[in-house]
Amino acid sequence: MLRGSIVVWVFLLLGLALGQDTRVVNILDPSTANNREVTRLLIWVSVFAALIFIVVTGALTYTVIKFRRRGNEQGEPPQFHGNDRLEIIWTVIPTVIIVIIFGLTAQSMIANSRFPAGAMTVKVTGYQFWWDYEYQDLGIRTSNELILPVNKPVIVEMTSKDVIHSWWPASLVGKQDAIPGITNRLHFTPEKEGTYYGQCAELCGASHSRMRFRVIVVSQEQFDRFVEGAKGFQAPAATDPTLAKGQQLFNQQCAACHAVQGTASANNRIAPDLSYFGNRTTVGAGLWENTDTYLIPWIKNSPGVKPGSKMPAFPQLSDEDARAIAAYVKSLKIEGLDFEGLPQF
Ligand code: CUA
């Protein structure tokens with residue numbers, strides 16, 4: 001018992017010490033129709049659970065006090081067996097409660113499973129340990145940070161290229177498994193602009209806990225600018241020697257796996273698309289803020305900072321080389337878009 005509680009405390013303290021993102025993910029945030037249904041169900045179930053708790057513990061307390069030994073009894077108290085009326089009551093009441101909860105659950109499930117007409121479709125593909133996003137209707141692709149317009153329904157089609165993952169932006173919608181060879185669908189309509197925290201919710205390997213993502217919900221006007229910038233994206237010309245060196249190193253070391261739209265050499269799809277990497281708020285699939293402090297160690301030794309990462313270490317790169325590559329990928333940017341500073345959920 002004591003050992004058990006020590007283990008719990010050690011894990012809690014470790015969690016606090018290692019916690020990169022201190023946001024409190026709230027599955028009950030009623031910011032979408034989906035989560036409002038879940039919250040409504042939880043309230044009903046909690047009310048019934050509280051009623052049952054009060055009745056059962058009340059009856060128990062009453063019985064213990066009323067029929068306690070008072071010190072002057074002789075032998076056993078009068079014995080009796082069965083009470084038809086009581087037994088019918090305590091069978092009928094739980095049955096009615098279960099039927100009510102079943103009805104409410106079915107109602108919520110039906111409401112949440114109704115797919116909206118005219119929604120935008122995004123294909124989400126899970127990889128160890130990052131997410132690929134393809135806006136099929138718009139012909140654009142990005143990774144780890146999904147940009148969506150506010151108040152527009154979206155259908156997410158989910159699959160995986162390796163093992164089972166689960167895509168879960170908790171404050172927006174329930175989790176859905178991403179399974180190789182199968183397409184699962186879910187839908188939601190974000191109602192508030194902001195950056196939503198997301199997490200892979202299916203144990204998928206060494207960096208399952210580090211397979212995070214963001215859903216960035218912006219105004220329609222900002223989303224249109226993103227789409228316009230993304231569709232016509234061309235990697236900008238390297239204007240200074242550092243960028244030129246970064247570009248050259250990128251083409252030698254990174255282009256075999258990554259894609260950058262509008263370049264001849266980088267068009268591979270086995271790693272995150274880095275076309276608008278400069279607009280990302282995070283690096284390493286939602287792990288760290290997108291600054292040189294995190295980006296440079298990531299470029300040099302990705303498996304060293306994220307166990308199981310498929311991106312190899314590049315011990316041959318000097319600090320200066322890594323800095324040049326970081327400068328180059330951060331120059332890949334749609335101008336006039338800034339996703340920092342949005343409210344966080
Ligand atoms: Cu992917 Cu856990």
# chains A, B, ... in the order shown; residues from 1 in each chain; ligands from 1
>>> closest_atom_pairs(of="range 213-236 of chain A", to="range 128-140 of chain A", cutoff="8 Å", atoms="only C-alpha atoms", output="JSON lines")
{"residue": "A:Phe213", "atom": "CA", "partner": "A:Trp131", "partner_atom": "CA", "distance": 7.4}
{"residue": "A:Val227", "atom": "CA", "partner": "A:Leu138", "partner_atom": "CA", "distance": 7.7}
{"residue": "A:Ala230", "atom": "CA", "partner": "A:Ile140", "partner_atom": "CA", "distance": 6.6}
{"residue": "A:Lys231", "atom": "CA", "partner": "A:Ile140", "partner_atom": "CA", "distance": 6.3}
>>> residues_around(residues="range 250-254 of chain A", least_positions_apart="5", cutoff="8 Å", atoms="only C-alpha atoms", output="compact mmCIF listing (two decimals) with all heavy atoms, in the first residue's frame")
# COMPACT_ATOMS: atom_id res chain seq x y z
N SER A 265 14.09 19.39 -56.06
CA SER A 265 14.70 18.22 -55.40
C SER A 265 13.88 17.67 -54.24
O SER A 265 13.90 16.47 -54.00
CB SER A 265 16.10 18.60 -54.93
OG SER A 265 16.01 19.75 -54.11
N ALA A 266 13.19 18.58 -53.51
CA ALA A 266 12.50 18.10 -52.31
C ALA A 266 11.04 17.82 -52.60
O ALA A 266 10.21 18.73 -52.57
CB ALA A 266 12.64 19.12 -51.18
N ILE A 325 20.67 25.37 -41.92
CA ILE A 325 19.48 24.60 -42.34
C ILE A 325 18.24 25.16 -41.61
O ILE A 325 17.18 25.35 -42.22
CB ILE A 325 19.65 23.09 -42.04
CG1 ILE A 325 20.77 22.52 -42.89
CG2 ILE A 325 18.34 22.34 -42.33
CD1 ILE A 325 21.11 21.06 -42.58
N TYR A 328 17.16 28.27 -43.22
CA TYR A 328 16.50 28.02 -44.50
C TYR A 328 15.07 27.53 -44.32
O TYR A 328 14.13 28.07 -44.92
CB TYR A 328 17.32 27.00 -45.33
CG TYR A 328 16.58 26.54 -46.56
CD1 TYR A 328 16.33 27.42 -47.61
CD2 TYR A 328 16.10 25.24 -46.66
CE1 TYR A 328 15.63 27.02 -48.73
CE2 TYR A 328 15.40 24.81 -47.78
CZ TYR A 328 15.17 25.71 -48.81
OH TYR A 328 14.46 25.30 -49.91
>>> closest_residue(among="A:Arg185, A:Arg85, A:Lys245, A:Arg212", to="ligand 1", atoms="only C-alpha atoms and all ligand atoms")
A:Arg212
>>> closest_atom_pairs(of="range 276-298 of chain A", to="range 304-321 of chain A", cutoff="10 Å", atoms="only C-alpha atoms", output="JSON lines")
{"residue": "A:Gly284", "atom": "CA", "partner": "A:Lys306", "partner_atom": "CA", "distance": 7.9}
{"residue": "A:Leu287", "atom": "CA", "partner": "A:Lys306", "partner_atom": "CA", "distance": 9.3}
{"residue": "A:Tyr294", "atom": "CA", "partner": "A:Val305", "partner_atom": "CA", "distance": 9.4}
{"residue": "A:Ile296", "atom": "CA", "partner": "A:Asp319", "partner_atom": "CA", "distance": 7.8}
{"residue": "A:Pro297", "atom": "CA", "partner": "A:Val305", "partner_atom": "CA", "distance": 7.6}
{"residue": "A:Trp298", "atom": "CA", "partner": "A:Val305", "partner_atom": "CA", "distance": 6.7}
>>> residues_around(residues="Thr263 in chain A", least_positions_apart="3", cutoff="12 Å", atoms="only C-alpha atoms", output="ChimeraX atom specification")
/A:233-237,247,250-251,255,258-260,266-268,274-275,332
>>> write_last_selection(atoms="N, CA, C and O atoms", output="compact mmCIF listing (two decimals), in the first residue's frame")
# COMPACT_ATOMS: atom_id res chain seq x y z
N PHE A 233 2.45 28.42 -53.40
CA PHE A 233 3.72 28.55 -52.67
C PHE A 233 4.93 28.21 -53.54
O PHE A 233 4.96 27.20 -54.23
N GLN A 234 5.90 29.07 -53.48
CA GLN A 234 7.20 28.82 -54.10
C GLN A 234 8.25 29.05 -53.02
O GLN A 234 8.17 30.06 -52.32
N ALA A 235 9.18 28.14 -52.88
CA ALA A 235 10.26 28.37 -51.92
C ALA A 235 10.96 29.67 -52.30
O ALA A 235 11.32 29.86 -53.45
N PRO A 236 11.12 30.61 -51.35
CA PRO A 236 11.72 31.88 -51.70
C PRO A 236 13.20 31.72 -52.08
O PRO A 236 13.86 30.78 -51.63
N ALA A 237 13.68 32.61 -52.91
CA ALA A 237 15.08 32.54 -53.32
C ALA A 237 15.96 32.82 -52.09
O ALA A 237 15.63 33.64 -51.25
N GLN A 247 20.07 26.08 -47.83
CA GLN A 247 19.33 25.45 -48.93
C GLN A 247 20.12 24.30 -49.55
O GLN A 247 19.59 23.22 -49.79
N PHE A 250 20.22 21.46 -47.14
CA PHE A 250 18.89 20.85 -47.08
C PHE A 250 18.72 19.90 -48.26
O PHE A 250 18.26 18.77 -48.10
N ASN A 251 19.10 20.37 -49.45
CA ASN A 251 18.96 19.54 -50.64
C ASN A 251 19.81 18.27 -50.56
O ASN A 251 19.41 17.21 -51.02
N ALA A 255 16.33 16.49 -48.38
CA ALA A 255 15.36 16.41 -49.48
C ALA A 255 15.02 14.97 -49.86
O ALA A 255 14.04 14.73 -50.56
N HIS A 258 11.94 14.75 -47.14
CA HIS A 258 10.98 15.83 -46.96
C HIS A 258 10.58 16.46 -48.29
O HIS A 258 11.31 16.37 -49.27
N ALA A 259 9.43 17.11 -48.28
CA ALA A 259 8.99 17.85 -49.46
C ALA A 259 8.95 19.34 -49.16
O ALA A 259 8.63 19.75 -48.03
N VAL A 260 9.34 20.14 -50.14
CA VAL A 260 9.12 21.58 -50.09
C VAL A 260 8.51 21.94 -51.44
O VAL A 260 9.13 21.73 -52.49
N ALA A 266 13.19 18.58 -53.51
CA ALA A 266 12.50 18.10 -52.31
C ALA A 266 11.04 17.82 -52.60
O ALA A 266 10.21 18.73 -52.57
N ASN A 267 10.72 16.57 -52.95
CA ASN A 267 9.31 16.26 -53.17
C ASN A 267 8.98 14.85 -52.72
O ASN A 267 8.25 14.12 -53.35
N ASN A 268 9.54 14.47 -51.58
CA ASN A 268 9.28 13.14 -51.04
C ASN A 268 8.27 13.20 -49.92
O ASN A 268 8.16 14.19 -49.22
N LEU A 274 7.52 20.22 -45.47
CA LEU A 274 8.05 21.41 -44.78
C LEU A 274 7.79 22.70 -45.56
O LEU A 274 8.43 23.72 -45.31
N SER A 275 6.81 22.65 -46.49
CA SER A 275 6.60 23.80 -47.37
C SER A 275 6.42 25.13 -46.63
O SER A 275 6.98 26.14 -47.03
N LEU A 332 10.97 29.35 -45.19
CA LEU A 332 9.88 28.79 -46.00
C LEU A 332 8.57 29.19 -45.33
O LEU A 332 8.12 28.56 -44.38
>>> residues_near_ligand(ligand="ligand 1", cutoff="7 Å", atoms="only C-alpha atoms and all ligand atoms", output="PyMOL selection string")
chain A and resi 126-129+164-166+200-205+208-209+211
>>> closest_residue(among="A:Ser46, A:Thr183, A:Val329, A:Ala264", to="Thr291 in chain A", atoms="only C-alpha atoms")
A:Val329
>>> select_by_dssp(residues="range 134-333 of chain A", states="alpha helix (DSSP H)", output="number ranges by chain")
A: 220-231, 241-253, 292-300, 302-305, 319-331
>>> select_by_dssp(residues="range 185-284 of chain A", states="strand (DSSP E or B)", output="MDAnalysis selection string")
chainID A and resid 185:188 194:200 212:218 259 267 273 282:283
>>> write_last_selection(atoms="N, CA, C and O atoms", output="short mmCIF file (atom, residue, chain, number, x, y, z; two decimals), in the first residue's frame")
data_model
loop_
_atom_site.label_atom_id
_atom_site.label_comp_id
_atom_site.auth_asym_id
_atom_site.auth_seq_id
_atom_site.Cartn_x
_atom_site.Cartn_y
_atom_site.Cartn_z
N ARG A 185 -13.72 8.04 -40.15
CA ARG A 185 -14.11 9.43 -40.34
C ARG A 185 -14.66 10.03 -39.07
O ARG A 185 -15.32 9.35 -38.29
N LEU A 186 -14.38 11.28 -38.86
CA LEU A 186 -15.11 12.02 -37.84
C LEU A 186 -15.31 13.44 -38.34
O LEU A 186 -14.74 13.85 -39.34
N HIS A 187 -16.19 14.16 -37.65
CA HIS A 187 -16.47 15.52 -38.11
C HIS A 187 -16.66 16.42 -36.91
O HIS A 187 -17.01 15.96 -35.81
N PHE A 188 -16.40 17.69 -37.10
CA PHE A 188 -16.68 18.67 -36.06
C PHE A 188 -16.68 20.06 -36.68
O PHE A 188 -16.26 20.23 -37.83
N GLY A 194 -8.51 29.83 -32.12
CA GLY A 194 -7.50 29.51 -31.10
C GLY A 194 -6.64 28.34 -31.51
O GLY A 194 -6.84 27.74 -32.58
N THR A 195 -5.66 28.04 -30.67
CA THR A 195 -4.79 26.88 -30.89
C THR A 195 -5.24 25.77 -29.97
O THR A 195 -5.26 25.93 -28.76
N TYR A 196 -5.61 24.65 -30.57
CA TYR A 196 -6.12 23.52 -29.80
C TYR A 196 -5.05 22.45 -29.69
O TYR A 196 -4.44 22.06 -30.68
N TYR A 197 -4.85 21.97 -28.46
CA TYR A 197 -3.86 20.94 -28.21
C TYR A 197 -4.39 19.59 -28.66
O TYR A 197 -5.56 19.27 -28.45
N GLY A 198 -3.52 18.79 -29.28
CA GLY A 198 -3.91 17.44 -29.69
C GLY A 198 -2.82 16.45 -29.32
O GLY A 198 -1.65 16.79 -29.20
N GLN A 199 -3.24 15.20 -29.16
CA GLN A 199 -2.33 14.17 -28.68
C GLN A 199 -2.70 12.84 -29.33
O GLN A 199 -3.88 12.54 -29.46
N CYS A 200 -1.70 12.05 -29.74
CA CYS A 200 -1.97 10.69 -30.16
C CYS A 200 -2.46 9.93 -28.94
O CYS A 200 -1.88 10.02 -27.87
N ARG A 212 2.38 14.63 -30.68
CA ARG A 212 1.34 15.62 -30.42
C ARG A 212 1.00 16.36 -31.70
O ARG A 212 1.60 16.13 -32.74
N PHE A 213 0.06 17.25 -31.62
CA PHE A 213 -0.25 18.10 -32.78
C PHE A 213 -1.04 19.30 -32.32
O PHE A 213 -1.35 19.44 -31.13
N ARG A 214 -1.33 20.19 -33.25
CA ARG A 214 -2.14 21.36 -32.96
C ARG A 214 -3.26 21.45 -33.99
O ARG A 214 -3.05 21.08 -35.15
N VAL A 215 -4.40 21.95 -33.58
CA VAL A 215 -5.40 22.38 -34.56
C VAL A 215 -5.51 23.89 -34.37
O VAL A 215 -5.81 24.36 -33.27
N ILE A 216 -5.17 24.62 -35.42
CA ILE A 216 -5.17 26.08 -35.33
C ILE A 216 -6.39 26.61 -36.05
O ILE A 216 -6.53 26.45 -37.27
N VAL A 217 -7.31 27.17 -35.29
CA VAL A 217 -8.58 27.66 -35.84
C VAL A 217 -8.49 29.18 -36.01
O VAL A 217 -8.25 29.90 -35.04
N VAL A 218 -8.65 29.62 -37.26
CA VAL A 218 -8.50 31.05 -37.56
C VAL A 218 -9.76 31.57 -38.27
O VAL A 218 -10.64 30.80 -38.64
N ALA A 259 9.43 17.11 -48.28
CA ALA A 259 8.99 17.85 -49.46
C ALA A 259 8.95 19.34 -49.16
O ALA A 259 8.63 19.75 -48.03
N ASN A 267 10.72 16.57 -52.95
CA ASN A 267 9.31 16.26 -53.17
C ASN A 267 8.98 14.85 -52.72
O ASN A 267 8.25 14.12 -53.35
N ASP A 273 5.88 17.32 -44.68
CA ASP A 273 6.00 18.36 -45.69
C ASP A 273 6.42 19.65 -45.00
O ASP A 273 5.78 20.08 -44.06
N THR A 282 5.25 25.06 -33.73
CA THR A 282 5.99 24.04 -32.97
C THR A 282 6.89 23.22 -33.87
O THR A 282 6.74 23.22 -35.09
N VAL A 283 7.80 22.49 -33.25
CA VAL A 283 8.71 21.59 -33.97
C VAL A 283 8.67 20.23 -33.27
O VAL A 283 8.34 20.14 -32.09
#
>>> closest_residue(among="A:Asn72, A:Leu146, A:Ile88, A:Gly174", to="Ser113 in chain A", atoms="only C-alpha atoms")
A:Gly174
>>> closest_residue(among="A:Ala326, A:Val38, A:Cys257, A:Leu243", to="Gln107 in chain A", atoms="only C-alpha atoms")
A:Val38
>>> closest_residue(among="A:Ile89, A:Val55, A:Met109, A:Leu148", to="Arg225 in chain A", atoms="only C-alpha atoms")
A:Leu148
>>> closest_residue(among="A:Tyr62, A:Phe80, A:Trp167, A:Tyr276", to="Gly229 in chain A", atoms="only C-alpha atoms")
A:Tyr276
